[in-house]
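Take a look at the structure below.
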Amino acid sequence: MSLRGKVALVTGAGTGIGRGVSIELARQGALVAINHFDRAEDAHTTLKMVHEANSDGLIVQADVAEPDQVKAMVEQVGERYGRIDILVNNAATQPNLGLMDYDDASYDRVISVNLLGYLNCIQAVVPVMKAQKQGRIVCMSSVHAKRPTDFDAVYAMSKGGIKMLVRESAIELAQYGITVNMIEPGAVQVGRKSGNPRPIVPPDQVTAESRRRGARKFPLGRIGIPSDIGHIVCFLASDEAEFITGAAIRADGGSMLL
Amino acid sequence: MPNRRVALVSDASHPFGVATAKRLAHDGMTVVLNGPPGPREQAVAALALVLQAEGHDALVTVNDMKDTAAVTSLCDDIVTKYGRIDLHVHTHNRIDRGAVASMPHGLVRDSLHFHAKTAFLCTQVIGQRMAAQGEGCIVYVGSIHGDKPTGSAFSYALAQGALQMLCKEAALELGRSGVRVNLIAMGPVEGDDMRFQSDISDIYLDYQYKVPSATLGTAEDVAEAVAWATSDGARYLNGAIIRLDGGFALHYMDHKMKR
């Protein structure tokens with residue numbers, strides 16, 4: 001499974017899952033455009049890690065909620081690499097506000113970034129992928145496209161919308177050789193505050209005891225890490241996955257089953 | 001003994017809203033018929049006159065539900081007049097056609113607002129009121145297109161997907177205060193083959209025959225489901241997505257249609 005020479009654009013790649021995805025894509029040989037909104041320093045760290053994985057990349061700053069900025073970002077990637085084979089829609093905001101705590105502005109921002117931001121990026125890359133007669137779009141959904149969060153109502157609404165954006169895009173863009181799929185991560189350790197209390201046990205620290213305790217929430221005994229998600233992106237972006245579109249792969253250590 | 005429950009129908013100009021309002025009024029409820037401002041206001045007023053002539057208690061409101069202030073004002077008006085709100089039935093339904101690759105951003109946003117944000121605001125404001133009462137029911141009249149893509153009206157499907165998750169979040173949050181929240185995912189009705197006409201999906205081609213009974217749904221079917229979901233008989237129903245489509249969405253590659 002090689003992505004050698006393929007060009008990937010990863011949104012929200014400064015931290016967390018986006019960084020993990022960027023590194024795994026680089027390890028498979030892809031060139032990675034690293035998008036961030038206001039995390040220049042983090043994006044540089046991601047770029048450094050892409051270089052350490054023996055690949056090349058560039059940093060593209062843009063607010064995905066702004067169609068004009070997204071268009072400019074896609075042009076910038078095109079100027080550097082001449083093509084875009086893989087779009088990973090990942091940038092999201094999660095204010096961890098309860099149903100009753102949202103106001104008009106916070107509601108609009110979450111929908112604008114998480115849902116319309118994904119649409120903006122799809123609309124911007126489709127002409128490029130159409131011309132190439134192929135493309136791979138992978139959208140980060142969540143277990144919260146199915147199961148409520150109980151701590152961030154509009155985040156879950158945005159993920160419910162993404163589920164349908166992926167399915168609609170899949171049937172519409174299939175004619176151009178573009179596949180569109182989604183990943184539904186459960187809890188992933190991303191080094192920032194989350195509203196959901198959960199046992200954090202990195203894979204290298206899993207013990208029999210932590211596995212037993214963690215297994216009450218995660219049958220596999222640990223929380224997810226960004227590379228868990230990156231591996232799935234690489235598969236969905238590969239030639240081997242050409243018959244998969246409109247699909248969802250849940251990666252949650254089995255937590256949704258409990 | 002008269003049924004003193006007060007029900008708000010968010011868009012009483014849509015056929016689903018009309019049928020639901022009639023059904024709830026006939027069950028003895030007080031119905032508040034909301035209409036979005038504009039040409040359809042008259043239809044809502046006419047429906048109120050019909051119900052009032054039959055001896056039902058019906059109030060007309062005109063509210064676009066565009067923000068928290070608008071919905072709060074509507075909620076306050078109802079509570080001032082009747083002292084409570086027992087049912088909220090969200091019947092906003094508008095199919096905006098458009099392709100993923102080309103639909104202008106503003107239209108997508110507008111479509112999401114019309115379906116999902118109005119429902120969200122009503123859930124916040126009216127849900128809080130119901131929670132204070134310690135009881136109430138919210139029903140969103142949604143669509144099977146919260147799961148099945150349309151191939152013709154993607155912003156509608158996005159909104160329906162978001163609505164499904166609103167239902168689940170609200171069911172958890174408000175369920176703790178005695179408020180039940182459910183969604184009816186309505187299937188095919190007359191005219192949907194035109195509304196969802198698509199170059200890329202044949203889902204609505206010969207669609208009547210894709211329903212195992214070979215019959216289309218009606219607005220009265222929606223009203224019947226709303227009446228049940230909000231009845232005491234459905235007291236254990238919460239956070240449910242009720243697919244009301246005669247089995248239409250079960251189809252996988254059209255064989256064995258009943259012609």
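Letters A, B, ... mark the chains of the structure tokens in the order given; residue numbers begin at 1 per chain; ligand numbers begin at 1, in order shown.
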
* Asked: What's the 6 Å shell around stretch 49-61 of chain A, counting only C-alpha atoms, without same-chain residues fewer than 3 positions away, as a ChimeraX atom specification?
  -> /A:23,26-27,31-37,46

With N, CA, C and O atoms retained, export the selected residues as a compact mmCIF listing (two decimals), in the first residue's frame.
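Dumped to selection-v6.txt:
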```txt
# COMPACT_ATOMS: atom_id res chain seq x y z
N ILE A 23 1.40 12.54 9.32
CA ILE A 23 2.62 11.74 9.50
C ILE A 23 2.47 10.38 8.80
O ILE A 23 3.37 9.91 8.10
N ALA A 26 2.70 10.76 5.10
CA ALA A 26 4.09 10.99 4.72
C ALA A 26 4.87 9.68 4.74
O ALA A 26 5.69 9.42 3.85
N ARG A 27 4.61 8.85 5.75
CA ARG A 27 5.31 7.55 5.85
C ARG A 27 5.02 6.66 4.65
O ARG A 27 5.84 5.81 4.30
N LEU A 31 3.00 13.48 -0.37
CA LEU A 31 3.38 14.86 -0.07
C LEU A 31 2.20 15.50 0.63
O LEU A 31 1.05 15.32 0.20
N VAL A 32 2.47 16.23 1.69
CA VAL A 32 1.36 16.66 2.55
C VAL A 32 1.26 18.17 2.68
O VAL A 32 2.19 18.83 3.15
N ALA A 33 0.11 18.72 2.27
CA ALA A 33 -0.19 20.13 2.53
C ALA A 33 -0.88 20.19 3.89
O ALA A 33 -1.93 19.57 4.09
N ILE A 34 -0.25 20.93 4.79
CA ILE A 34 -0.67 20.97 6.19
C ILE A 34 -1.47 22.24 6.45
O ILE A 34 -0.91 23.33 6.52
N ASN A 35 -2.77 22.10 6.56
CA ASN A 35 -3.60 23.28 6.82
C ASN A 35 -3.72 23.54 8.32
O ASN A 35 -3.78 22.60 9.12
N HIS A 36 -3.72 24.80 8.68
CA HIS A 36 -4.07 25.19 10.04
C HIS A 36 -4.77 26.53 9.98
O HIS A 36 -4.72 27.23 8.97
N PHE A 37 -5.46 26.86 11.06
CA PHE A 37 -6.15 28.15 11.12
C PHE A 37 -5.32 29.16 11.91
O PHE A 37 -4.90 30.18 11.38
N THR A 46 4.35 19.82 12.77
CA THR A 46 3.84 18.74 11.90
C THR A 46 4.72 18.63 10.65
O THR A 46 5.08 17.51 10.23
```

* To do: Show me which bits of chain A are within 7 Å of chain B, counting only C-alpha atoms, as a ChimeraX atom specification.
  => /A:99-100,104,123,126,145,148-150,153,156-158,160-165,167-169,171-172

* Residues at most 8 Å from A:Ala187, counting only C-alpha atoms, excluding those fewer than 2 positions away in the same chain, as a list of chain:residue names? ->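 In the requested form, the answer reads A:Pro185, A:Gln189, A:Ile223, A:Gly224, A:Asp252.
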
Writing out the chosen residues with N, CA, C and O atoms as a PDB file, in the first residue's frame:
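Result went into again-v1.pdb, see below:
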```pdb
ATOM      1  N   PRO A 185     -13.985   8.194  14.519  1.00  0.00           N
ATOM      2  CA  PRO A 185     -13.143   7.917  15.686  1.00  0.00           C
ATOM      3  C   PRO A 185     -13.967   8.008  16.968  1.00  0.00           C
ATOM      4  O   PRO A 185     -14.905   8.804  17.063  1.00  0.00           O
ATOM      5  N   GLN A 189      -6.633  10.372  21.956  1.00  0.00           N
ATOM      6  CA  GLN A 189      -5.776  11.235  22.754  1.00  0.00           C
ATOM      7  C   GLN A 189      -5.136  12.276  21.858  1.00  0.00           C
ATOM      8  O   GLN A 189      -4.330  11.947  20.993  1.00  0.00           O
ATOM      9  N   ILE A 223      -7.430   4.129  25.019  1.00  0.00           N
ATOM     10  CA  ILE A 223      -7.986   5.192  24.190  1.00  0.00           C
ATOM     11  C   ILE A 223      -7.272   5.173  22.831  1.00  0.00           C
ATOM     12  O   ILE A 223      -6.192   4.584  22.708  1.00  0.00           O
ATOM     13  N   GLY A 224      -7.875   5.802  21.840  1.00  0.00           N
ATOM     14  CA  GLY A 224      -7.232   5.849  20.523  1.00  0.00           C
ATOM     15  C   GLY A 224      -6.091   6.836  20.485  1.00  0.00           C
ATOM     16  O   GLY A 224      -5.981   7.731  21.318  1.00  0.00           O
ATOM     17  N   ASP A 252     -12.881   2.960  17.371  1.00  0.00           N
ATOM     18  CA  ASP A 252     -13.167   3.428  18.731  1.00  0.00           C
ATOM     19  C   ASP A 252     -12.788   2.406  19.794  1.00  0.00           C
ATOM     20  O   ASP A 252     -13.242   2.505  20.939  1.00  0.00           O
TER      21      ASP A 252
END
```

* To do: Please run DSSP on the backbone and report, as a PyMOL selection string, all residues within stretch 85-202 of chain A that come out as helix (DSSP H, G or I).
  => chain A and resi 104-132+143-145+153-176

Can I get the selection written as a short mmCIF file (atom, residue, chain, number, x, y, z; two decimals), in the first residue's frame, with C-alpha atoms?
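Final file, result-v6.cif:
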```
data_model
loop_
_atom_site.label_atom_id
_atom_site.label_comp_id
_atom_site.auth_asym_id
_atom_site.auth_seq_id
_atom_site.Cartn_x
_atom_site.Cartn_y
_atom_site.Cartn_z
CA ASP A 104 -26.52 31.95 18.12
CA ALA A 105 -22.88 32.82 17.52
CA SER A 106 -21.39 29.63 18.96
CA TYR A 107 -23.95 27.51 17.07
CA ASP A 108 -23.12 29.25 13.80
CA ARG A 109 -19.37 28.87 14.29
CA VAL A 110 -19.53 25.11 14.91
CA ILE A 111 -21.76 24.52 11.86
CA SER A 112 -19.63 26.87 9.73
CA VAL A 113 -16.34 25.15 10.54
CA ASN A 114 -17.31 21.53 11.05
CA LEU A 115 -19.94 21.10 8.37
CA LEU A 116 -19.73 23.96 5.88
CA GLY A 117 -15.93 23.91 6.20
CA TYR A 118 -15.90 20.33 4.90
CA LEU A 119 -18.21 21.36 2.05
CA ASN A 120 -15.98 24.33 1.17
CA CYS A 121 -12.96 22.08 0.86
CA ILE A 122 -14.84 19.50 -1.21
CA GLN A 123 -16.15 22.20 -3.56
CA ALA A 124 -12.64 23.61 -3.96
CA VAL A 125 -10.87 20.32 -4.74
CA VAL A 126 -13.53 18.76 -6.97
CA PRO A 127 -12.50 20.70 -10.12
CA VAL A 128 -8.89 19.57 -9.56
CA MET A 129 -9.82 15.93 -8.96
CA LYS A 130 -12.31 15.99 -11.83
CA ALA A 131 -9.54 17.10 -14.21
CA GLN A 132 -7.32 14.29 -12.86
CA VAL A 143 -18.95 8.12 16.90
CA HIS A 144 -21.04 11.20 17.67
CA ALA A 145 -22.60 11.01 14.22
CA ALA A 153 -24.95 19.08 21.18
CA VAL A 154 -24.02 21.11 18.10
CA TYR A 155 -20.77 19.21 17.58
CA ALA A 156 -22.91 16.07 17.28
CA MET A 157 -25.31 17.85 14.93
CA SER A 158 -22.39 18.82 12.71
CA LYS A 159 -21.21 15.20 12.63
CA GLY A 160 -24.73 14.03 11.75
CA GLY A 161 -24.63 16.47 8.85
CA ILE A 162 -21.20 15.23 7.77
CA LYS A 163 -22.58 11.69 7.56
CA MET A 164 -24.99 12.88 4.89
CA LEU A 165 -22.43 15.13 3.19
CA VAL A 166 -20.27 12.04 2.68
CA ARG A 167 -23.13 9.92 1.34
CA GLU A 168 -24.38 12.64 -1.02
CA SER A 169 -20.86 13.45 -2.22
CA ALA A 170 -20.14 9.76 -2.76
CA ILE A 171 -22.99 9.23 -5.20
CA GLU A 172 -22.52 12.57 -6.94
CA LEU A 173 -18.74 12.45 -7.39
CA ALA A 174 -18.43 8.75 -8.26
CA GLN A 175 -18.83 9.65 -11.95
CA TYR A 176 -15.51 11.52 -11.78
#
```

* **For B:Asp27, the nearest of the candidates B:Val211, B:Val44, B:Cys75, B:Ala7, counting only C-alpha atoms** =>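 For B:Asp27, the nearest of the candidates is B:Ala7.
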
Mind checking which residues fall within 7 Å of A:Met182, counting only C-alpha atoms, ignoring those fewer than 4 positions away in the same chain, and posting them as an mmCIF file with all heavy atoms, in the first residue's frame?
```cif
data_model
loop_
_atom_site.group_PDB
_atom_site.id
_atom_site.type_symbol
_atom_site.label_atom_id
_atom_site.label_comp_id
_atom_site.auth_asym_id
_atom_site.auth_seq_id
_atom_site.Cartn_x
_atom_site.Cartn_y
_atom_site.Cartn_z
ATOM 1 N N VAL A 138 -11.513 11.883 2.296
ATOM 2 C CA VAL A 138 -11.783 11.197 3.564
ATOM 3 C C VAL A 138 -12.223 12.250 4.582
ATOM 4 O O VAL A 138 -11.513 13.244 4.794
ATOM 5 C CB VAL A 138 -10.531 10.465 4.096
ATOM 6 C CG1 VAL A 138 -10.872 9.739 5.402
ATOM 7 C CG2 VAL A 138 -10.004 9.474 3.059
ATOM 8 N N CYS A 139 -13.386 12.060 5.149
ATOM 9 C CA CYS A 139 -13.914 13.025 6.114
ATOM 10 C C CYS A 139 -13.888 12.441 7.515
ATOM 11 O O CYS A 139 -14.294 11.292 7.724
ATOM 12 C CB CYS A 139 -15.360 13.402 5.758
ATOM 13 S SG CYS A 139 -15.498 14.317 4.217
ATOM 14 N N MET A 140 -13.423 13.250 8.443
ATOM 15 C CA MET A 140 -13.424 12.816 9.833
ATOM 16 C C MET A 140 -14.814 13.045 10.392
ATOM 17 O O MET A 140 -15.264 14.174 10.556
ATOM 18 C CB MET A 140 -12.385 13.626 10.620
ATOM 19 C CG MET A 140 -11.557 12.803 11.558
ATOM 20 S SD MET A 140 -10.960 11.251 10.847
ATOM 21 C CE MET A 140 -9.641 11.858 9.789
ATOM 22 N N SER A 141 -15.502 11.959 10.629
ATOM 23 C CA SER A 141 -16.784 12.055 11.314
ATOM 24 C C SER A 141 -16.509 11.738 12.775
ATOM 25 O O SER A 141 -15.471 12.147 13.305
ATOM 26 C CB SER A 141 -17.788 11.089 10.678
ATOM 27 O OG SER A 141 -19.023 11.157 11.339
ATOM 28 N N VAL A 166 -21.086 13.114 3.254
ATOM 29 C CA VAL A 166 -20.265 12.040 2.682
ATOM 30 C C VAL A 166 -21.106 11.170 1.749
ATOM 31 O O VAL A 166 -20.686 10.850 0.630
ATOM 32 C CB VAL A 166 -19.633 11.191 3.813
ATOM 33 C CG1 VAL A 166 -19.067 9.887 3.273
ATOM 34 C CG2 VAL A 166 -18.557 11.999 4.524
ATOM 35 N N ALA A 247 -18.716 5.057 2.586
ATOM 36 C CA ALA A 247 -18.650 4.142 3.729
ATOM 37 C C ALA A 247 -18.133 4.850 4.979
ATOM 38 O O ALA A 247 -17.506 5.903 4.908
ATOM 39 C CB ALA A 247 -17.736 2.972 3.391
ATOM 40 N N ALA A 248 -18.414 4.218 6.112
ATOM 41 C CA ALA A 248 -17.899 4.723 7.385
ATOM 42 C C ALA A 248 -17.116 3.618 8.064
ATOM 43 O O ALA A 248 -17.565 2.473 8.101
ATOM 44 C CB ALA A 248 -19.058 5.155 8.280
ATOM 45 N N ILE A 249 -15.932 3.953 8.543
ATOM 46 C CA ILE A 249 -15.165 2.988 9.340
ATOM 47 C C ILE A 249 -15.086 3.539 10.759
ATOM 48 O O ILE A 249 -14.572 4.638 10.979
ATOM 49 C CB ILE A 249 -13.746 2.782 8.776
ATOM 50 C CG1 ILE A 249 -13.831 2.183 7.368
ATOM 51 C CG2 ILE A 249 -12.939 1.858 9.709
ATOM 52 C CD1 ILE A 249 -12.495 1.913 6.716
#
```

* **Residue nearest A:His44 - candidates A:Thr15, A:Asp63, A:Ile244, A:Asp68, atoms counted: only C-alpha atoms** =>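 Of all the options, A:Thr15 lies closest to A:His44.
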
* **Which of B:Met253, B:Ala223, B:Leu8, B:Ala21 sits closest to B:Lys210 [using only C-alpha atoms]** =>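 Under the stated criterion, the closest residue is B:Met253.
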